[in-house]
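Engineer: Let me begin by handing over the structure; questions about it come next.
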Amino acid sequence: MNNYIVFSDFDGTITKEDTICKIMSHFAPEHWKKVWDDIFNKRITISEGVAKLFSMIPSSKKDEIIKFVLENVPIREGFKELLLFLKSKNIPFIVISGGLDFYIYPLLEPYKDLITKIYCNQADFSGEYIKIKFIYECDPLCDDNDCGMCKISVIRKYTGTKIYIGDSITDINAAKVTDIIFARGLFAKELKKNSIPFYEYDNFYQVKAKMEEILK
Ligand code: MG
Ligand code: ZN
């Protein structure tokens, strides 16, 4: 039997909307949108951009942000069902996110017994404004060198048949080192453009159904 392992992005994948975008539109001054555009147009690196975005928000807002996120960021349908299915098959589910621990952990709290590991950046509230500690940096094989949270470097550490679930531009690199891809949004568009095969999803019930087929 094949050793399967599932890696999943967080923002816009497990959550239905991008949590960083949601936090910024509520807590950051108006010009955050320019930084956001700069990231997507690759004028600045993702790590630079995310650090810049959070540096606009005072550390004192921490608890308010957590409360806001828990009340306003919905989890994609079928998430728990997929996790229960994977658990029943003994397949690890690993979250890899360029987001921050202080909102990811509270959002995933109800599912924590079903998640094998969470890789993400750390928020630092010791200064006046929120700072980010990038603790999973690029390995020497990464072409980009400044991913901030280097998904490809994390995935490379694991062996087995790798399944990846994602939704956006930061997932494209990760897809290069995985065997089976589930994609939506910008990620799906980019894969199509490059003729890389993938399964499209809109909810986790669809992902579970396809995995049931694959694992047969
Ligand atoms: Mg995402
Ligand atoms: Zn990297």
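Order determines the names: the first chain of the structure tokens is A, the second B, and so forth; residues in each chain are numbered 1 upward, and ligands are numbered 1 upward as they are shown.
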Which neighbours of region 44-46 of chain A fall inside 10 Å, counting only C-alpha atoms, when residues of the same chain fewer than 4 positions from it are skipped, and could you give them as a list of chain:residue names?
Structural biologist: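 What passes the distance filter is A:Val35, A:Trp36, A:Asp37, A:Asp38, A:Ile39, A:Phe40, A:Val50, A:Ala51, A:Lys52, A:Gly98, A:Asp144, A:Asn145, A:Asp146, A:Cys147, A:Gly148, A:Met149, A:Ile169, A:Thr170.
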Engineer: For the residues selected in the previous step, produce a file with all heavy atoms as a compact mmCIF listing (two decimals), in the first residue's frame.
Structural biologist:
# COMPACT_ATOMS: atom_id res chain seq x y z
N VAL A 35 -0.09 47.47 -0.89
CA VAL A 35 0.87 46.42 -0.56
C VAL A 35 0.36 45.07 -1.08
O VAL A 35 1.11 44.27 -1.65
CB VAL A 35 1.11 46.35 0.97
CG1 VAL A 35 2.11 45.25 1.31
CG2 VAL A 35 1.57 47.69 1.52
N TRP A 36 -0.92 44.84 -0.89
CA TRP A 36 -1.56 43.59 -1.36
C TRP A 36 -1.36 43.43 -2.87
O TRP A 36 -0.99 42.36 -3.35
CB TRP A 36 -3.05 43.65 -1.00
CG TRP A 36 -3.80 42.37 -1.24
CD1 TRP A 36 -4.58 42.05 -2.31
CD2 TRP A 36 -3.86 41.23 -0.37
NE1 TRP A 36 -5.11 40.79 -2.17
CE2 TRP A 36 -4.69 40.26 -0.99
CE3 TRP A 36 -3.27 40.92 0.87
CZ2 TRP A 36 -4.97 39.01 -0.41
CZ3 TRP A 36 -3.55 39.68 1.44
CH2 TRP A 36 -4.38 38.76 0.81
N ASP A 37 -1.60 44.50 -3.61
CA ASP A 37 -1.40 44.48 -5.08
C ASP A 37 0.06 44.24 -5.42
O ASP A 37 0.38 43.51 -6.36
CB ASP A 37 -1.84 45.81 -5.71
CG ASP A 37 -3.36 45.91 -5.77
OD1 ASP A 37 -4.03 44.87 -5.62
OD2 ASP A 37 -3.86 47.04 -5.95
N ASP A 38 0.95 44.87 -4.66
CA ASP A 38 2.38 44.70 -4.90
C ASP A 38 2.79 43.24 -4.76
O ASP A 38 3.63 42.74 -5.51
CB ASP A 38 3.21 45.56 -3.93
CG ASP A 38 3.17 47.04 -4.30
OD1 ASP A 38 2.73 47.35 -5.43
OD2 ASP A 38 3.58 47.87 -3.48
N ILE A 39 2.20 42.54 -3.79
CA ILE A 39 2.52 41.12 -3.60
C ILE A 39 2.06 40.33 -4.81
O ILE A 39 2.81 39.55 -5.39
CB ILE A 39 1.83 40.55 -2.33
CG1 ILE A 39 2.31 41.26 -1.06
CG2 ILE A 39 2.10 39.04 -2.21
CD1 ILE A 39 1.57 40.86 0.21
N PHE A 40 0.80 40.55 -5.22
CA PHE A 40 0.24 39.76 -6.31
C PHE A 40 0.88 40.08 -7.66
O PHE A 40 0.92 39.24 -8.56
CB PHE A 40 -1.28 39.90 -6.36
CG PHE A 40 -1.94 38.95 -5.40
CD1 PHE A 40 -2.10 39.30 -4.06
CD2 PHE A 40 -2.34 37.68 -5.81
CE1 PHE A 40 -2.66 38.41 -3.16
CE2 PHE A 40 -2.90 36.79 -4.92
CZ PHE A 40 -3.07 37.15 -3.58
N VAL A 50 3.83 40.43 3.49
CA VAL A 50 3.06 40.04 4.68
C VAL A 50 3.58 40.76 5.92
O VAL A 50 2.81 41.23 6.75
CB VAL A 50 3.08 38.50 4.86
CG1 VAL A 50 2.37 38.09 6.13
CG2 VAL A 50 2.43 37.81 3.67
N ALA A 51 4.91 40.89 6.01
CA ALA A 51 5.50 41.62 7.14
C ALA A 51 5.04 43.08 7.13
O ALA A 51 4.67 43.65 8.18
CB ALA A 51 7.02 41.54 7.07
N LYS A 52 5.02 43.67 5.95
CA LYS A 52 4.61 45.06 5.81
C LYS A 52 3.15 45.24 6.22
O LYS A 52 2.79 46.19 6.91
CB LYS A 52 4.79 45.47 4.33
CG LYS A 52 5.32 46.87 4.12
CD LYS A 52 5.65 47.04 2.64
CE LYS A 52 6.15 48.44 2.34
NZ LYS A 52 6.48 48.56 0.91
N GLY A 98 1.29 30.39 4.93
CA GLY A 98 2.08 31.62 5.02
C GLY A 98 1.42 32.63 5.96
O GLY A 98 1.86 33.76 6.08
N ASP A 144 13.51 30.44 -5.08
CA ASP A 144 13.01 31.77 -4.74
C ASP A 144 13.84 32.47 -3.66
O ASP A 144 14.02 33.68 -3.69
CB ASP A 144 11.55 31.71 -4.30
CG ASP A 144 10.64 31.54 -5.49
OD1 ASP A 144 11.16 31.61 -6.62
OD2 ASP A 144 9.43 31.34 -5.30
N ASN A 145 14.29 31.69 -2.66
CA ASN A 145 15.15 32.18 -1.58
C ASN A 145 14.51 33.11 -0.58
O ASN A 145 15.06 33.37 0.47
CB ASN A 145 16.38 32.91 -2.14
CG ASN A 145 17.35 31.90 -2.69
OD1 ASN A 145 17.61 30.89 -2.04
ND2 ASN A 145 17.87 32.16 -3.87
N ASP A 146 13.35 33.65 -0.87
CA ASP A 146 12.74 34.58 0.08
C ASP A 146 11.24 34.33 0.20
O ASP A 146 10.44 35.24 0.08
CB ASP A 146 13.04 36.02 -0.36
CG ASP A 146 12.71 37.01 0.75
OD1 ASP A 146 12.64 36.58 1.93
OD2 ASP A 146 12.50 38.20 0.46
N CYS A 147 10.89 33.06 0.40
CA CYS A 147 9.47 32.71 0.46
C CYS A 147 8.85 33.17 1.78
O CYS A 147 7.65 33.31 1.89
CB CYS A 147 9.29 31.20 0.35
SG CYS A 147 9.93 30.53 -1.19
N GLY A 148 9.69 33.38 2.80
CA GLY A 148 9.14 33.66 4.13
C GLY A 148 8.81 32.33 4.77
O GLY A 148 9.61 31.76 5.51
N MET A 149 7.64 31.81 4.42
CA MET A 149 7.27 30.44 4.79
C MET A 149 7.49 29.62 3.53
O MET A 149 6.77 29.78 2.56
CB MET A 149 5.80 30.44 5.21
CG MET A 149 5.11 29.13 5.10
SD MET A 149 5.54 28.14 6.52
CE MET A 149 5.95 26.62 5.76
N ILE A 169 -1.40 31.82 -5.42
CA ILE A 169 -0.08 31.88 -6.05
C ILE A 169 1.03 31.21 -5.23
O ILE A 169 1.97 30.68 -5.80
CB ILE A 169 0.35 33.32 -6.41
CG1 ILE A 169 0.14 34.26 -5.23
CG2 ILE A 169 -0.39 33.83 -7.62
CD1 ILE A 169 0.82 35.61 -5.40
N THR A 170 0.91 31.24 -3.89
CA THR A 170 1.97 30.64 -3.08
C THR A 170 1.94 29.12 -3.15
O THR A 170 2.83 28.45 -2.64
CB THR A 170 1.88 31.07 -1.60
OG1 THR A 170 0.57 30.76 -1.13
CG2 THR A 170 2.16 32.54 -1.43
Engineer: Please build the interface table for chain A against ligand 1 with a cut-off of 8 Å, listing for each qualifying residue the nearest atom pair and the distance in Å to one decimal; count only C-alpha atoms and all ligand atoms, order rows by chain and increasing number, and write it as a tab-separated table.
Structural biologist:
residue	atom	partner	partner_atom_place_in_ligand_line	distance
A:Asp9	CA	ligand 1	1 (Mg)	5.5
A:Phe10	CA	ligand 1	1 (Mg)	5.6
A:Asp11	CA	ligand 1	1 (Mg)	4.0
A:Gly12	CA	ligand 1	1 (Mg)	4.4
A:Thr13	CA	ligand 1	1 (Mg)	5.4
A:Asp18	CA	ligand 1	1 (Mg)	6.6
A:Ser97	CA	ligand 1	1 (Mg)	7.5
A:Gly166	CA	ligand 1	1 (Mg)	6.0
A:Asp167	CA	ligand 1	1 (Mg)	4.9
A:Ser168	CA	ligand 1	1 (Mg)	5.1
A:Ile169	CA	ligand 1	1 (Mg)	7.8
A:Thr170	CA	ligand 1	1 (Mg)	7.1
A:Asp171	CA	ligand 1	1 (Mg)	7.3
Engineer: Deliver the residues from the most recent selection as a file, using N, CA, C and O atoms, as a compact mmCIF listing (two decimals), in the first residue's frame.
Structural biologist:
# COMPACT_ATOMS: atom_id res chain seq x y z
N ASP A 9 -2.90 24.06 2.21
CA ASP A 9 -2.79 25.48 2.48
C ASP A 9 -3.91 25.85 3.47
O ASP A 9 -4.85 25.07 3.68
N PHE A 10 -3.82 27.02 4.07
CA PHE A 10 -4.86 27.43 5.04
C PHE A 10 -5.81 28.49 4.48
O PHE A 10 -6.98 28.23 4.24
N ASP A 11 -5.25 29.70 4.24
CA ASP A 11 -6.10 30.83 3.83
C ASP A 11 -6.70 30.63 2.44
O ASP A 11 -5.98 30.42 1.47
N GLY A 12 -8.01 30.70 2.35
CA GLY A 12 -8.67 30.55 1.06
C GLY A 12 -8.80 29.09 0.63
O GLY A 12 -9.38 28.80 -0.41
N THR A 13 -8.21 28.20 1.42
CA THR A 13 -8.33 26.77 1.15
C THR A 13 -9.18 26.14 2.26
O THR A 13 -10.32 25.76 2.02
N ASP A 18 -9.73 34.62 2.34
CA ASP A 18 -8.37 34.83 2.80
C ASP A 18 -8.40 35.60 4.12
O ASP A 18 -8.86 36.74 4.17
N SER A 97 1.01 26.99 5.97
CA SER A 97 0.42 28.30 5.70
C SER A 97 1.42 29.44 5.82
O SER A 97 2.27 29.44 6.71
N GLY A 166 -4.70 23.51 -2.45
CA GLY A 166 -4.40 24.94 -2.34
C GLY A 166 -5.32 25.81 -3.17
O GLY A 166 -6.22 25.31 -3.85
N ASP A 167 -5.07 27.11 -3.11
CA ASP A 167 -5.97 28.04 -3.82
C ASP A 167 -5.29 29.25 -4.48
O ASP A 167 -5.95 30.02 -5.16
N SER A 168 -3.98 29.45 -4.24
CA SER A 168 -3.44 30.73 -4.72
C SER A 168 -2.00 30.66 -5.19
O SER A 168 -1.44 29.57 -5.34
N ILE A 169 -1.40 31.82 -5.42
CA ILE A 169 -0.08 31.88 -6.05
C ILE A 169 1.03 31.21 -5.23
O ILE A 169 1.97 30.68 -5.80
N THR A 170 0.91 31.24 -3.89
CA THR A 170 1.97 30.64 -3.08
C THR A 170 1.94 29.12 -3.15
O THR A 170 2.83 28.45 -2.64
N ASP A 171 0.90 28.56 -3.74
CA ASP A 171 0.79 27.11 -3.82
C ASP A 171 1.46 26.53 -5.07
O ASP A 171 1.66 25.32 -5.16
Engineer: Residues at most 12 Å from Met24 (chain A), counting only C-alpha atoms, excluding those fewer than 3 positions away in the same chain, as an NGL selection string?
Structural biologist: :A and (18-21 or 27-36 or 50 or 52-58 or 61 or 65 or 68-69)
Engineer: Enumerate residues in contact with ligand 2: an atom-to-atom distance of at most 10 Å, counting only C-alpha atoms and all ligand atoms. Format the result as a list in words.
Structural biologist: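 Counting only what the definition allows, namely only C-alpha atoms and all ligand atoms, the set is Tyr136, Glu137, Cys138, Asp139, Pro140, Leu141, Cys142, Asp143, Asp144, Asn145, Asp146, Cys147, Gly148, Met149, Cys150, Lys151, Ile152, Ser153, Val154, Asn173 and Ala174 of chain A.
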Engineer: Ile118 (chain A): which residues within 7 Å, counting only C-alpha atoms, same-chain residues fewer than 4 positions away excluded, as a list in words?
Structural biologist: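 Neighbouring residues, sequence-local ones excluded: Ile94, Val95 and Ile96 of chain A.
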Engineer: Output N, CA and C atoms for every residue in that selection, as a PDB file, in the first residue's frame.
Structural biologist:
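File produced: out.pdb:
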ATOM      1  N   ILE A  94      -1.426  17.654   6.996  1.00  0.00           N
ATOM      2  CA  ILE A  94      -0.481  18.676   7.439  1.00  0.00           C
ATOM      3  C   ILE A  94      -0.850  20.032   6.850  1.00  0.00           C
ATOM      4  N   VAL A  95      -0.980  21.028   7.714  1.00  0.00           N
ATOM      5  CA  VAL A  95      -1.323  22.374   7.255  1.00  0.00           C
ATOM      6  C   VAL A  95      -0.027  23.153   7.030  1.00  0.00           C
ATOM      7  N   ILE A  96       0.106  23.775   5.852  1.00  0.00           N
ATOM      8  CA  ILE A  96       1.266  24.622   5.568  1.00  0.00           C
ATOM      9  C   ILE A  96       0.749  25.987   5.156  1.00  0.00           C
TER      10      ILE A  96
END
Engineer: Which residues, written as a count of residues only, have at least one atom at most 10 Å from Tyr105 (chain A), with only C-alpha atoms counted and residues fewer than 6 positions away on the same chain left out?
Structural biologist: 5
Engineer: Please report, as a PyMOL selection string, each residue of chain A to which DSSP assigns alpha helix (DSSP H) when run on this structure's backbone.
Structural biologist: chain A and resi 19-27+32-40+46-54+62-72+79-88+101-108+151-156+171-175+185-193+204-214
Engineer: Create the file for the chosen residues now, containing C-alpha atoms and written as a PDB file, in the first residue's frame.
Structural biologist:
ATOM      1  CA  THR A  19      -7.982  35.584   6.514  1.00  0.00           C
ATOM      2  CA  ILE A  20      -5.128  38.065   6.002  1.00  0.00           C
ATOM      3  CA  CYS A  21      -7.219  40.023   3.505  1.00  0.00           C
ATOM      4  CA  LYS A  22     -10.173  40.002   5.895  1.00  0.00           C
ATOM      5  CA  ILE A  23      -8.037  41.138   8.854  1.00  0.00           C
ATOM      6  CA  MET A  24      -6.449  43.925   6.799  1.00  0.00           C
ATOM      7  CA  SER A  25      -9.723  45.267   5.460  1.00  0.00           C
ATOM      8  CA  HIS A  26     -10.983  45.576   9.026  1.00  0.00           C
ATOM      9  CA  PHE A  27      -7.885  46.598  11.015  1.00  0.00           C
ATOM     10  CA  TRP A  32      -2.812  48.112   2.815  1.00  0.00           C
ATOM     11  CA  LYS A  33      -4.439  47.456  -0.581  1.00  0.00           C
ATOM     12  CA  LYS A  34      -1.419  48.847  -2.376  1.00  0.00           C
ATOM     13  CA  VAL A  35       0.873  46.416  -0.560  1.00  0.00           C
ATOM     14  CA  TRP A  36      -1.557  43.595  -1.362  1.00  0.00           C
ATOM     15  CA  ASP A  37      -1.402  44.477  -5.076  1.00  0.00           C
ATOM     16  CA  ASP A  38       2.382  44.700  -4.903  1.00  0.00           C
ATOM     17  CA  ILE A  39       2.519  41.121  -3.596  1.00  0.00           C
ATOM     18  CA  PHE A  40       0.243  39.760  -6.314  1.00  0.00           C
ATOM     19  CA  ILE A  46       5.521  37.541  -0.180  1.00  0.00           C
ATOM     20  CA  SER A  47       7.494  37.608   3.074  1.00  0.00           C
ATOM     21  CA  GLU A  48       8.217  41.314   2.638  1.00  0.00           C
ATOM     22  CA  GLY A  49       4.589  42.006   1.809  1.00  0.00           C
ATOM     23  CA  VAL A  50       3.059  40.038   4.675  1.00  0.00           C
ATOM     24  CA  ALA A  51       5.498  41.619   7.143  1.00  0.00           C
ATOM     25  CA  LYS A  52       4.615  45.063   5.807  1.00  0.00           C
ATOM     26  CA  LEU A  53       0.887  44.392   6.103  1.00  0.00           C
ATOM     27  CA  PHE A  54       1.012  43.278   9.734  1.00  0.00           C
ATOM     28  CA  LYS A  62      -4.359  40.923  19.128  1.00  0.00           C
ATOM     29  CA  ASP A  63      -7.416  39.743  21.097  1.00  0.00           C
ATOM     30  CA  GLU A  64      -9.778  41.845  19.013  1.00  0.00           C
ATOM     31  CA  ILE A  65      -8.398  40.279  15.823  1.00  0.00           C
ATOM     32  CA  ILE A  66      -8.774  36.731  17.176  1.00  0.00           C
ATOM     33  CA  LYS A  67     -12.390  37.427  18.157  1.00  0.00           C
ATOM     34  CA  PHE A  68     -13.075  39.029  14.766  1.00  0.00           C
ATOM     35  CA  VAL A  69     -11.575  36.089  12.868  1.00  0.00           C
ATOM     36  CA  LEU A  70     -13.527  33.484  14.874  1.00  0.00           C
ATOM     37  CA  GLU A  71     -16.766  35.346  14.183  1.00  0.00           C
ATOM     38  CA  ASN A  72     -16.160  36.265  10.537  1.00  0.00           C
ATOM     39  CA  PHE A  79     -13.495  20.024   6.174  1.00  0.00           C
ATOM     40  CA  LYS A  80     -14.284  17.910   9.229  1.00  0.00           C
ATOM     41  CA  GLU A  81     -15.629  15.072   7.055  1.00  0.00           C
ATOM     42  CA  LEU A  82     -12.402  15.001   5.040  1.00  0.00           C
ATOM     43  CA  LEU A  83     -10.305  14.979   8.228  1.00  0.00           C
ATOM     44  CA  LEU A  84     -12.356  12.124   9.721  1.00  0.00           C
ATOM     45  CA  PHE A  85     -11.970  10.147   6.503  1.00  0.00           C
ATOM     46  CA  LEU A  86      -8.178  10.650   6.461  1.00  0.00           C
ATOM     47  CA  LYS A  87      -7.912   9.715  10.133  1.00  0.00           C
ATOM     48  CA  SER A  88      -9.830   6.477   9.437  1.00  0.00           C
ATOM     49  CA  ASP A 101      -0.149  31.255  14.292  1.00  0.00           C
ATOM     50  CA  PHE A 102      -2.251  33.605  16.451  1.00  0.00           C
ATOM     51  CA  TYR A 103      -5.338  33.279  14.268  1.00  0.00           C
ATOM     52  CA  ILE A 104      -4.694  29.884  12.622  1.00  0.00           C
ATOM     53  CA  TYR A 105      -4.579  27.915  15.895  1.00  0.00           C
ATOM     54  CA  PRO A 106      -7.854  29.339  17.286  1.00  0.00           C
ATOM     55  CA  LEU A 107      -9.633  28.683  13.965  1.00  0.00           C
ATOM     56  CA  LEU A 108      -8.359  25.101  13.842  1.00  0.00           C
ATOM     57  CA  LYS A 151       6.204  25.460   1.471  1.00  0.00           C
ATOM     58  CA  ILE A 152       8.404  23.581  -0.978  1.00  0.00           C
ATOM     59  CA  SER A 153      11.171  23.181   1.651  1.00  0.00           C
ATOM     60  CA  VAL A 154       8.725  21.764   4.215  1.00  0.00           C
ATOM     61  CA  ILE A 155       7.158  19.303   1.760  1.00  0.00           C
ATOM     62  CA  ARG A 156      10.568  18.099   0.590  1.00  0.00           C
ATOM     63  CA  ASP A 171       0.792  27.110  -3.817  1.00  0.00           C
ATOM     64  CA  ILE A 172       2.329  26.927  -7.289  1.00  0.00           C
ATOM     65  CA  ASN A 173       5.825  26.121  -6.015  1.00  0.00           C
ATOM     66  CA  ALA A 174       4.472  23.526  -3.612  1.00  0.00           C
ATOM     67  CA  ALA A 175       2.760  21.766  -6.492  1.00  0.00           C
ATOM     68  CA  GLY A 185      -9.011  29.943  -7.638  1.00  0.00           C
ATOM     69  CA  LEU A 186      -5.772  31.469  -8.928  1.00  0.00           C
ATOM     70  CA  PHE A 187      -3.912  28.220  -8.257  1.00  0.00           C
ATOM     71  CA  ALA A 188      -6.236  26.297 -10.594  1.00  0.00           C
ATOM     72  CA  LYS A 189      -5.896  29.005 -13.255  1.00  0.00           C
ATOM     73  CA  GLU A 190      -2.120  28.895 -13.104  1.00  0.00           C
ATOM     74  CA  LEU A 191      -1.987  25.082 -13.296  1.00  0.00           C
ATOM     75  CA  LYS A 192      -4.304  25.133 -16.324  1.00  0.00           C
ATOM     76  CA  LYS A 193      -2.059  27.679 -18.012  1.00  0.00           C
ATOM     77  CA  PHE A 204     -13.982  19.355   0.896  1.00  0.00           C
ATOM     78  CA  TYR A 205     -16.786  16.894   0.211  1.00  0.00           C
ATOM     79  CA  GLN A 206     -15.523  16.863  -3.396  1.00  0.00           C
ATOM     80  CA  VAL A 207     -11.927  16.378  -2.231  1.00  0.00           C
ATOM     81  CA  LYS A 208     -12.993  13.492   0.017  1.00  0.00           C
ATOM     82  CA  ALA A 209     -14.987  11.820  -2.789  1.00  0.00           C
ATOM     83  CA  LYS A 210     -12.015  12.008  -5.154  1.00  0.00           C
ATOM     84  CA  MET A 211      -9.616  10.699  -2.499  1.00  0.00           C
ATOM     85  CA  GLU A 212     -11.934   7.769  -1.837  1.00  0.00           C
ATOM     86  CA  GLU A 213     -11.621   6.939  -5.540  1.00  0.00           C
ATOM     87  CA  ILE A 214      -7.836   7.382  -5.590  1.00  0.00           C
TER      88      ILE A 214
END
Engineer: Tell me, as a PyMOL selection string, which residues lie within 10 Å of Gly127 (chain A), counting only C-alpha atoms; anything in the same chain fewer than 3 positions away does not count.
Structural biologist: chain A and resi 55+58-60+124+130-131
Engineer: DSSP on the backbone: which residues in chain A end up as strand (DSSP E)? Give the answer as a count of residues only.
Structural biologist: 36
Engineer: Just checking: using only C-alpha atoms, which residue out of A:Ile132, A:Ile181, A:Ile5, A:Leu215 ends up closest to Pro197 (chain A)?
Structural biologist: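 Among the listed residues, A:Ile181 lies closest to Pro197 (chain A).
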Engineer: What separation in Å, quoted to one decimal, exists between CA of Ala183 (chain A) and CA of Ala123 (chain A)?
Structural biologist: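 Distance between the two atoms: 27.6 Å.
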Engineer: Calculated over only C-alpha atoms, which of the candidates A:Ile115, A:Ile180, A:Leu100, A:Val73 has the smallest distance to Phe198 (chain A)?
Structural biologist: A:Ile180
Engineer: Pick from A:Gly78, A:Asn3, A:Lys16, A:Phe134: nearest to Arg184 (chain A), with only C-alpha atoms counted?
Structural biologist: A:Lys16
